[in-house]
file upload-v7.cif (mmCIF, C-alpha atoms and all ligand atoms)
data_start
loop_
_atom_site.label_atom_id
_atom_site.label_comp_id
_atom_site.auth_asym_id
_atom_site.auth_seq_id
_atom_site.Cartn_x
_atom_site.Cartn_y
_atom_site.Cartn_z
CA MET A 1 37.38 -7.51 -12.56
CA GLU A 2 36.97 -10.34 -15.04
CA ARG A 3 36.56 -10.89 -18.75
CA LEU A 4 33.02 -10.32 -19.99
CA GLN A 5 32.64 -13.75 -21.59
CA LYS A 6 33.77 -15.45 -18.38
CA TYR A 7 31.30 -13.36 -16.39
CA LEU A 8 28.44 -14.27 -18.75
CA ALA A 9 29.28 -17.96 -18.47
CA SER A 10 29.46 -17.83 -14.68
CA CYS A 11 26.00 -16.23 -14.61
CA GLY A 12 24.67 -19.26 -16.47
CA VAL A 13 23.83 -17.26 -19.64
CA ALA A 14 25.65 -19.68 -21.96
CA SER A 15 28.95 -21.52 -22.33
CA ARG A 16 32.11 -19.37 -22.62
CA ARG A 17 32.21 -19.97 -26.39
CA LYS A 18 28.54 -19.12 -26.89
CA SER A 19 28.99 -16.04 -24.68
CA GLU A 20 31.78 -14.86 -26.97
CA GLU A 21 29.42 -15.18 -29.92
CA LEU A 22 26.75 -13.18 -28.09
CA ILE A 23 29.29 -10.42 -27.48
CA LYS A 24 30.46 -10.38 -31.11
CA GLU A 25 26.82 -10.29 -32.29
CA GLY A 26 26.27 -7.09 -30.26
CA ALA A 27 23.77 -8.68 -27.85
CA VAL A 28 25.63 -7.60 -24.73
CA SER A 29 25.80 -4.18 -23.13
CA VAL A 30 27.82 -2.93 -20.18
CA ASN A 31 26.34 0.11 -18.45
CA ASP A 32 24.00 0.51 -21.43
CA VAL A 33 26.80 0.64 -23.99
CA ILE A 34 26.89 -2.25 -26.49
CA VAL A 35 30.23 -4.03 -26.22
CA THR A 36 31.64 -6.22 -28.98
CA GLU A 37 35.21 -6.36 -27.68
CA LEU A 38 35.94 -9.83 -26.24
CA GLY A 39 38.55 -8.69 -23.75
CA THR A 40 36.29 -6.19 -21.97
CA GLN A 41 36.66 -6.36 -18.21
CA VAL A 42 33.67 -6.06 -15.88
CA GLY A 43 33.41 -5.69 -12.14
CA ASN A 44 30.72 -5.93 -9.47
CA ASN A 45 29.38 -2.42 -10.07
CA ASP A 46 28.86 -2.81 -13.81
CA VAL A 47 25.34 -3.43 -15.12
CA VAL A 48 25.53 -6.15 -17.75
CA LYS A 49 22.56 -6.83 -20.03
CA VAL A 50 22.00 -9.53 -22.64
CA ASN A 51 19.42 -8.50 -25.22
CA GLY A 52 18.35 -5.77 -22.83
CA VAL A 53 17.86 -8.07 -19.81
CA VAL A 54 20.00 -7.49 -16.74
CA ILE A 55 21.91 -10.57 -15.71
CA SER A 56 23.50 -11.37 -12.41
CA ARG A 57 25.55 -14.14 -10.97
CA GLU A 58 23.49 -16.97 -9.57
CA GLU A 59 24.09 -17.86 -5.98
CA LYS A 60 25.06 -21.54 -5.81
CA VAL A 61 22.59 -23.49 -3.73
CA TYR A 62 22.58 -27.08 -2.48
CA TYR A 63 19.68 -28.95 -0.93
CA VAL A 64 18.88 -32.41 0.33
CA LEU A 65 15.28 -33.41 -0.31
CA ASN A 66 13.47 -36.34 1.28
CA LYS A 67 11.72 -37.35 -1.92
CA PRO A 68 8.34 -39.00 -1.54
CA VAL A 69 7.05 -41.74 -3.85
CA GLY A 70 4.91 -40.31 -6.65
CA TYR A 71 7.20 -37.52 -7.87
CA ILE A 72 9.25 -37.41 -11.07
CA THR A 73 12.94 -36.60 -10.61
CA SER A 74 12.98 -33.90 -13.24
CA VAL A 75 12.26 -30.20 -13.57
CA LYS A 76 9.30 -30.82 -15.87
CA ASP A 77 7.24 -33.77 -17.02
CA GLU A 78 5.56 -34.23 -20.41
CA LEU A 79 2.66 -36.04 -18.73
CA ASN A 80 2.23 -33.25 -16.19
CA ARG A 81 2.94 -35.50 -13.24
CA PRO A 82 4.23 -33.82 -10.07
CA THR A 83 7.97 -33.18 -10.20
CA ILE A 84 10.37 -32.81 -7.30
CA LEU A 85 10.44 -29.05 -8.01
CA ASP A 86 6.81 -28.88 -6.87
CA LEU A 87 8.09 -29.67 -3.38
CA PHE A 88 10.25 -26.52 -3.29
CA GLU A 89 9.07 -23.13 -2.14
CA GLU A 90 8.86 -20.53 -4.89
CA LYS A 91 11.76 -18.52 -3.45
CA ASP A 92 14.04 -21.58 -3.48
CA ARG A 93 13.09 -22.48 -7.04
CA ARG A 94 14.20 -19.13 -8.43
CA ASN A 95 17.83 -20.27 -8.74
CA ARG A 96 17.10 -22.76 -11.54
CA ILE A 97 17.74 -25.79 -9.39
CA TYR A 98 17.68 -29.35 -10.68
CA PRO A 99 18.19 -32.85 -9.25
CA VAL A 100 21.60 -34.54 -9.09
CA GLY A 101 20.98 -37.93 -10.69
CA ARG A 102 17.68 -39.68 -10.49
CA LEU A 103 15.37 -41.57 -8.17
CA ASP A 104 12.51 -43.51 -9.75
CA PHE A 105 8.92 -42.27 -9.47
CA ASP A 106 8.37 -45.12 -6.97
CA THR A 107 11.55 -44.54 -4.94
CA ALA A 108 11.72 -42.34 -1.86
CA GLY A 109 14.59 -40.80 0.08
CA VAL A 110 17.75 -38.74 -0.23
CA LEU A 111 17.90 -36.60 -3.37
CA LEU A 112 20.45 -33.83 -3.80
CA VAL A 113 19.25 -30.75 -5.66
CA THR A 114 21.44 -27.88 -6.84
CA ASN A 115 22.14 -25.26 -9.51
CA ASP A 116 25.89 -25.98 -9.48
CA GLY A 117 26.85 -27.83 -12.66
CA GLU A 118 30.33 -28.65 -11.43
CA PHE A 119 28.97 -30.24 -8.24
CA SER A 120 26.38 -32.21 -10.16
CA ASN A 121 28.83 -33.43 -12.84
CA LYS A 122 31.31 -34.55 -10.26
CA LEU A 123 28.80 -36.56 -8.25
CA MET A 124 27.37 -38.17 -11.38
CA LYS A 125 30.74 -39.42 -12.62
CA ALA A 126 30.63 -43.23 -12.66
CA ASN A 127 34.01 -43.61 -11.00
CA PHE A 128 33.39 -41.02 -8.29
CA GLU A 129 33.45 -42.79 -4.98
CA VAL A 130 30.35 -41.43 -3.30
CA GLU A 131 28.36 -44.18 -1.60
CA LYS A 132 24.64 -44.49 -2.11
CA GLU A 133 22.80 -46.54 0.49
CA TYR A 134 19.39 -48.09 -0.10
CA VAL A 135 16.90 -50.02 1.96
CA ALA A 136 14.82 -52.36 -0.18
CA ARG A 137 11.82 -54.47 0.82
CA VAL A 138 11.82 -57.38 -1.62
CA GLU A 139 9.44 -60.25 -2.27
CA GLY A 140 10.43 -63.65 -0.91
CA ILE A 141 13.11 -64.80 1.51
CA VAL A 142 16.60 -63.89 0.31
CA THR A 143 19.26 -66.54 0.91
CA LYS A 144 22.88 -66.07 1.99
CA LEU A 145 24.04 -67.21 -1.44
CA GLU A 146 21.89 -64.59 -3.15
CA ILE A 147 23.39 -61.92 -0.89
CA LEU A 148 26.85 -63.15 -1.88
CA ASP A 149 25.90 -62.85 -5.56
CA LEU A 150 24.73 -59.28 -5.01
CA LYS A 151 28.00 -58.45 -3.27
CA LYS A 152 30.15 -59.92 -6.02
CA GLY A 153 28.16 -58.22 -8.76
CA VAL A 154 25.32 -59.47 -10.93
CA THR A 155 24.42 -59.15 -14.59
CA LEU A 156 21.32 -57.02 -15.05
CA LYS A 157 18.73 -57.82 -17.71
CA THR A 158 20.17 -54.86 -19.63
CA GLY A 159 23.43 -56.83 -19.93
CA TYR A 160 25.33 -54.54 -17.55
CA ALA A 161 27.51 -56.28 -14.96
CA THR A 162 27.37 -54.44 -11.65
CA LYS A 163 30.52 -53.71 -9.64
CA PRO A 164 31.04 -55.35 -6.25
CA CYS A 165 28.95 -53.70 -3.56
CA LYS A 166 27.94 -54.04 0.07
CA ALA A 167 24.72 -55.92 0.78
CA ARG A 168 23.15 -57.44 3.88
CA LYS A 169 19.89 -58.77 5.16
CA VAL A 170 18.30 -56.48 7.73
CA SER A 171 15.32 -58.67 8.59
CA ILE A 172 12.98 -61.32 7.28
CA ASP A 173 9.20 -61.14 7.41
CA ARG A 174 8.05 -64.75 7.07
CA LYS A 175 4.40 -63.88 7.55
CA ASN A 176 4.41 -61.58 4.53
CA ASN A 177 7.11 -63.57 2.72
CA SER A 178 9.49 -60.66 2.25
CA THR A 179 13.03 -59.58 3.14
CA LEU A 180 14.43 -56.19 4.05
CA LEU A 181 17.83 -55.56 2.42
CA ASN A 182 20.47 -52.90 2.89
CA ILE A 183 22.50 -52.26 -0.28
CA ILE A 184 25.35 -49.78 -0.75
CA ILE A 185 26.52 -48.99 -4.28
CA HIS A 186 28.77 -46.42 -5.95
CA GLU A 187 27.18 -46.64 -9.36
CA GLY A 188 23.97 -45.10 -10.60
CA LYS A 189 22.62 -46.98 -13.59
CA ASN A 190 18.91 -46.53 -14.26
CA HIS A 191 16.81 -48.63 -11.86
CA GLN A 192 20.02 -50.25 -10.68
CA VAL A 193 18.88 -51.51 -7.26
CA ARG A 194 15.56 -52.82 -8.57
CA LEU A 195 17.36 -54.62 -11.41
CA MET A 196 20.02 -56.02 -9.05
CA CYS A 197 17.33 -57.50 -6.81
CA GLU A 198 15.50 -58.85 -9.85
CA ALA A 199 18.77 -60.45 -11.01
CA ILE A 200 18.82 -62.55 -7.81
CA GLY A 201 15.15 -63.42 -8.25
CA HIS A 202 13.44 -60.94 -5.91
CA LYS A 203 11.14 -58.15 -7.00
CA VAL A 204 11.43 -54.86 -5.08
CA LYS A 205 8.21 -53.87 -3.31
CA LYS A 206 9.51 -50.69 -1.73
CA LEU A 207 12.77 -48.76 -2.17
CA THR A 208 14.24 -45.92 -0.14
CA ARG A 209 17.61 -44.23 -0.53
CA VAL A 210 18.74 -43.52 3.00
CA ARG A 211 22.17 -41.97 2.33
CA VAL A 212 24.36 -40.29 -0.29
CA GLY A 213 27.94 -39.88 0.97
CA SER A 214 27.48 -38.60 4.50
CA ILE A 215 24.07 -37.07 3.77
CA THR A 216 21.23 -38.97 5.43
CA LEU A 217 17.56 -38.24 5.87
CA ASP A 218 18.15 -37.12 9.50
CA ASP A 219 14.80 -35.97 10.66
CA ILE A 220 13.76 -34.34 7.38
CA PRO A 221 10.07 -35.21 6.96
CA ARG A 222 9.05 -36.84 3.66
CA GLY A 223 8.50 -34.15 1.05
CA CYS A 224 10.66 -31.61 2.90
CA TYR A 225 14.22 -30.39 2.32
CA ARG A 226 17.05 -28.50 3.94
CA ARG A 227 20.10 -26.62 2.71
CA LEU A 228 23.39 -28.50 2.77
CA LYS A 229 26.07 -27.02 4.99
CA ILE A 230 29.29 -25.81 3.35
CA HIS A 231 31.31 -28.61 4.92
CA GLU A 232 28.81 -31.15 3.56
CA VAL A 233 29.16 -29.74 0.03
CA LYS A 234 32.96 -29.82 0.29
CA GLU A 235 32.94 -33.35 1.62
CA LEU A 236 30.70 -34.56 -1.20
CA MET A 237 33.05 -32.97 -3.72
CA GLY A 238 35.95 -34.79 -2.10
CA ARG A 239 37.72 -31.73 -0.77
N1 LIG B 1 17.94 -47.89 -8.00
C1 LIG B 1 16.69 -48.07 -8.43
O1 LIG B 1 16.32 -49.13 -8.88
N2 LIG B 1 15.85 -47.04 -8.35
C2 LIG B 1 16.18 -45.85 -7.84
O2 LIG B 1 15.34 -44.94 -7.79
C3 LIG B 1 17.48 -45.68 -7.39
C4 LIG B 1 18.36 -46.72 -7.48
#

call {"tool": "encode", "arguments": {"input": "upload-v7.cif", "output": "structure tokens", "more": "lines below"}}
Ligand code: URA
result
Amino acid sequence: MERLQKYLASCGVASRRKSEELIKEGAVSVNDVIVTELGTQVGNNDVVKVNGVVISREEKVYYVLNKPVGYITSVKDELNRPTILDLFEEKDRRNRIYPVGRLDFDTAGVLLVTNDGEFSNKLMKANFEVEKEYVARVEGIVTKLEILDLKKGVTLKTGYATKPCKARKVSIDRKNNSTLLNIIIHEGKNHQVRLMCEAIGHKVKKLTRVRVGSITLDDIPRGCYRRLKIHEVKELMGR
């Protein structure tokens, strides 16, 4: 048994405070009897309705999507461009899932998707130590000194000074005058990797996120997703 307002909040109806207001306003019924008493206890067998609509607790779900280029990391887009939700089967979309953080329209790779606000908030916290690993194809040949600058931290054109990170050259393509870089950061400022590369004088041609924490792309085909395992969720949350 638990307090009605707590139950409403855990079902995603509204915050605890807002749920209390709904109860006081007479919008909530338990077993078809309007309840305005805040302390009312409900259990699994009670039918709770808000404005006549039955509510139930949402199952928490966690996915890793291999995001393709050409999709907006959002649940809807004003310009009607494809969103990452379009890549999910109808049955998996029912739980009001949304992306954790953001990958640019032009970026591919690991994107976590969930309906768990606590999980999402925790991972998005700037000081939370989850590593994000990127592979970037950049224009021009990157020098050792430029790699050192990246590692120490650079000032982006937005004025933000990036924290120290890991960066290395994977390979150089002299014929096409480009370099493949591997960059691991903890932060998640908008367009951070593109802006970091720009700050050392190299425009990103192609960007893929290959890892978040211990979650990699494995053999998930582009545009496909899989459920995270419980131990993966716990590990990401630092438990
Ligand atoms: N950094 C970027 O520049 N773009 C992304 O999509 C992710 C990280």

call {"tool": "residues_around", "arguments": {"input": "upload-v7.cif", "residues": "A:Tyr225", "least_positions_apart": "6", "cutoff": "10 Å", "atoms": "all atoms listed in the file", "output": "list in words"}}
result
Tyr63, Val64, Leu65, Asn66, Lys67, Leu87, Phe88, Glu89, Val110, Leu111, Leu112, Val113 and Leu217 of chain A

call {"tool": "residues_near_ligand", "arguments": {"input": "upload-v7.cif", "ligand": "ligand LIG 1 (chain B)", "cutoff": "6 Å", "atoms": "all atoms listed in the file", "output": "PyMOL selection string"}}
result
chain A and resi 103-104+107+191-194

call {"tool": "residues_around", "arguments": {"input": "upload-v7.cif", "residues": "stretch 68-74 of chain A", "least_positions_apart": "2", "cutoff": "8 Å", "atoms": "all atoms listed in the file", "output": "JSON, numbers by chain"}}
result
{"A": [66, 76, 77, 81, 82, 83, 84, 85, 98, 99, 102, 103, 104, 105, 106, 107, 108, 109, 222, 223]}

call {"tool": "write_last_selection", "arguments": {"input": "upload-v7.cif", "atoms": "C-alpha atoms", "output": "mmCIF file, in the frame of the given file"}}
result
data_model
loop_
_atom_site.group_PDB
_atom_site.id
_atom_site.type_symbol
_atom_site.label_atom_id
_atom_site.label_comp_id
_atom_site.auth_asym_id
_atom_site.auth_seq_id
_atom_site.Cartn_x
_atom_site.Cartn_y
_atom_site.Cartn_z
ATOM 1 C CA ASN A 66 13.470 -36.340 1.280
ATOM 2 C CA LYS A 76 9.300 -30.820 -15.870
ATOM 3 C CA ASP A 77 7.240 -33.770 -17.020
ATOM 4 C CA ARG A 81 2.940 -35.500 -13.240
ATOM 5 C CA PRO A 82 4.230 -33.820 -10.070
ATOM 6 C CA THR A 83 7.970 -33.180 -10.200
ATOM 7 C CA ILE A 84 10.370 -32.810 -7.300
ATOM 8 C CA LEU A 85 10.440 -29.050 -8.010
ATOM 9 C CA TYR A 98 17.680 -29.350 -10.680
ATOM 10 C CA PRO A 99 18.190 -32.850 -9.250
ATOM 11 C CA ARG A 102 17.680 -39.680 -10.490
ATOM 12 C CA LEU A 103 15.370 -41.570 -8.170
ATOM 13 C CA ASP A 104 12.510 -43.510 -9.750
ATOM 14 C CA PHE A 105 8.920 -42.270 -9.470
ATOM 15 C CA ASP A 106 8.370 -45.120 -6.970
ATOM 16 C CA THR A 107 11.550 -44.540 -4.940
ATOM 17 C CA ALA A 108 11.720 -42.340 -1.860
ATOM 18 C CA GLY A 109 14.590 -40.800 0.080
ATOM 19 C CA ARG A 222 9.050 -36.840 3.660
ATOM 20 C CA GLY A 223 8.500 -34.150 1.050
#

call {"tool": "residues_around", "arguments": {"input": "upload-v7.cif", "residues": "stretch 54-57 of chain A", "least_positions_apart": "3", "cutoff": "7 Å", "atoms": "only C-alpha atoms", "output": "ChimeraX atom specification"}}
result
/A:10-11,47-50

call {"tool": "atom_distance", "arguments": {"input": "upload-v7.cif", "atom1": "atom CA of A:Glu58", "atom2": "atom CA of A:Ile97"}}
result
10.5 Å

call {"tool": "residues_around", "arguments": {"input": "upload-v7.cif", "residues": "stretch 29-36 of chain A", "least_positions_apart": "3", "cutoff": "12 Å", "atoms": "all atoms listed in the file", "output": "JSON, numbers by chain"}}
result
{"A": [3, 4, 5, 7, 8, 19, 20, 21, 22, 23, 24, 25, 26, 39, 40, 41, 42, 43, 44, 45, 46, 47, 48, 49, 50, 51, 52, 53, 54, 55]}

call {"tool": "write_last_selection", "arguments": {"input": "upload-v7.cif", "atoms": "C-alpha atoms", "output": "compact mmCIF listing (two decimals), in the coordinates of the input"}}
result
# COMPACT_ATOMS: atom_id res chain seq x y z
CA ARG A 3 36.56 -10.89 -18.75
CA LEU A 4 33.02 -10.32 -19.99
CA GLN A 5 32.64 -13.75 -21.59
CA TYR A 7 31.30 -13.36 -16.39
CA LEU A 8 28.44 -14.27 -18.75
CA SER A 19 28.99 -16.04 -24.68
CA GLU A 20 31.78 -14.86 -26.97
CA GLU A 21 29.42 -15.18 -29.92
CA LEU A 22 26.75 -13.18 -28.09
CA ILE A 23 29.29 -10.42 -27.48
CA LYS A 24 30.46 -10.38 -31.11
CA GLU A 25 26.82 -10.29 -32.29
CA GLY A 26 26.27 -7.09 -30.26
CA GLY A 39 38.55 -8.69 -23.75
CA THR A 40 36.29 -6.19 -21.97
CA GLN A 41 36.66 -6.36 -18.21
CA VAL A 42 33.67 -6.06 -15.88
CA GLY A 43 33.41 -5.69 -12.14
CA ASN A 44 30.72 -5.93 -9.47
CA ASN A 45 29.38 -2.42 -10.07
CA ASP A 46 28.86 -2.81 -13.81
CA VAL A 47 25.34 -3.43 -15.12
CA VAL A 48 25.53 -6.15 -17.75
CA LYS A 49 22.56 -6.83 -20.03
CA VAL A 50 22.00 -9.53 -22.64
CA ASN A 51 19.42 -8.50 -25.22
CA GLY A 52 18.35 -5.77 -22.83
CA VAL A 53 17.86 -8.07 -19.81
CA VAL A 54 20.00 -7.49 -16.74
CA ILE A 55 21.91 -10.57 -15.71

call {"tool": "residues_around", "arguments": {"input": "upload-v7.cif", "residues": "stretch 178-183 of chain A", "least_positions_apart": "2", "cutoff": "6 Å", "atoms": "all atoms listed in the file", "output": "list in words"}}
result
Glu133, Tyr134, Val135, Ala136, Arg137, Val138, Glu139, Gly140, Ile141, Lys166, Ala167, Arg168, Lys169, Val170, Ser171, Ile172, Asp173 and Asn176 of chain A

call {"tool": "closest_residue", "arguments": {"input": "upload-v7.cif", "among": "A:Lys125, A:Lys205, A:Glu37, A:Glu118", "to": "A:Gly101", "atoms": "only C-alpha atoms"}}
result
A:Lys125

call {"tool": "atom_distance", "arguments": {"input": "upload-v7.cif", "atom1": "atom CA of A:Lys206", "atom2": "atom CA of A:Val142"}}
result
15.1 Å

call {"tool": "atom_distance", "arguments": {"input": "upload-v7.cif", "atom1": "atom CA of A:Thr162", "atom2": "atom CA of A:Leu123"}}
result
18.3 Å
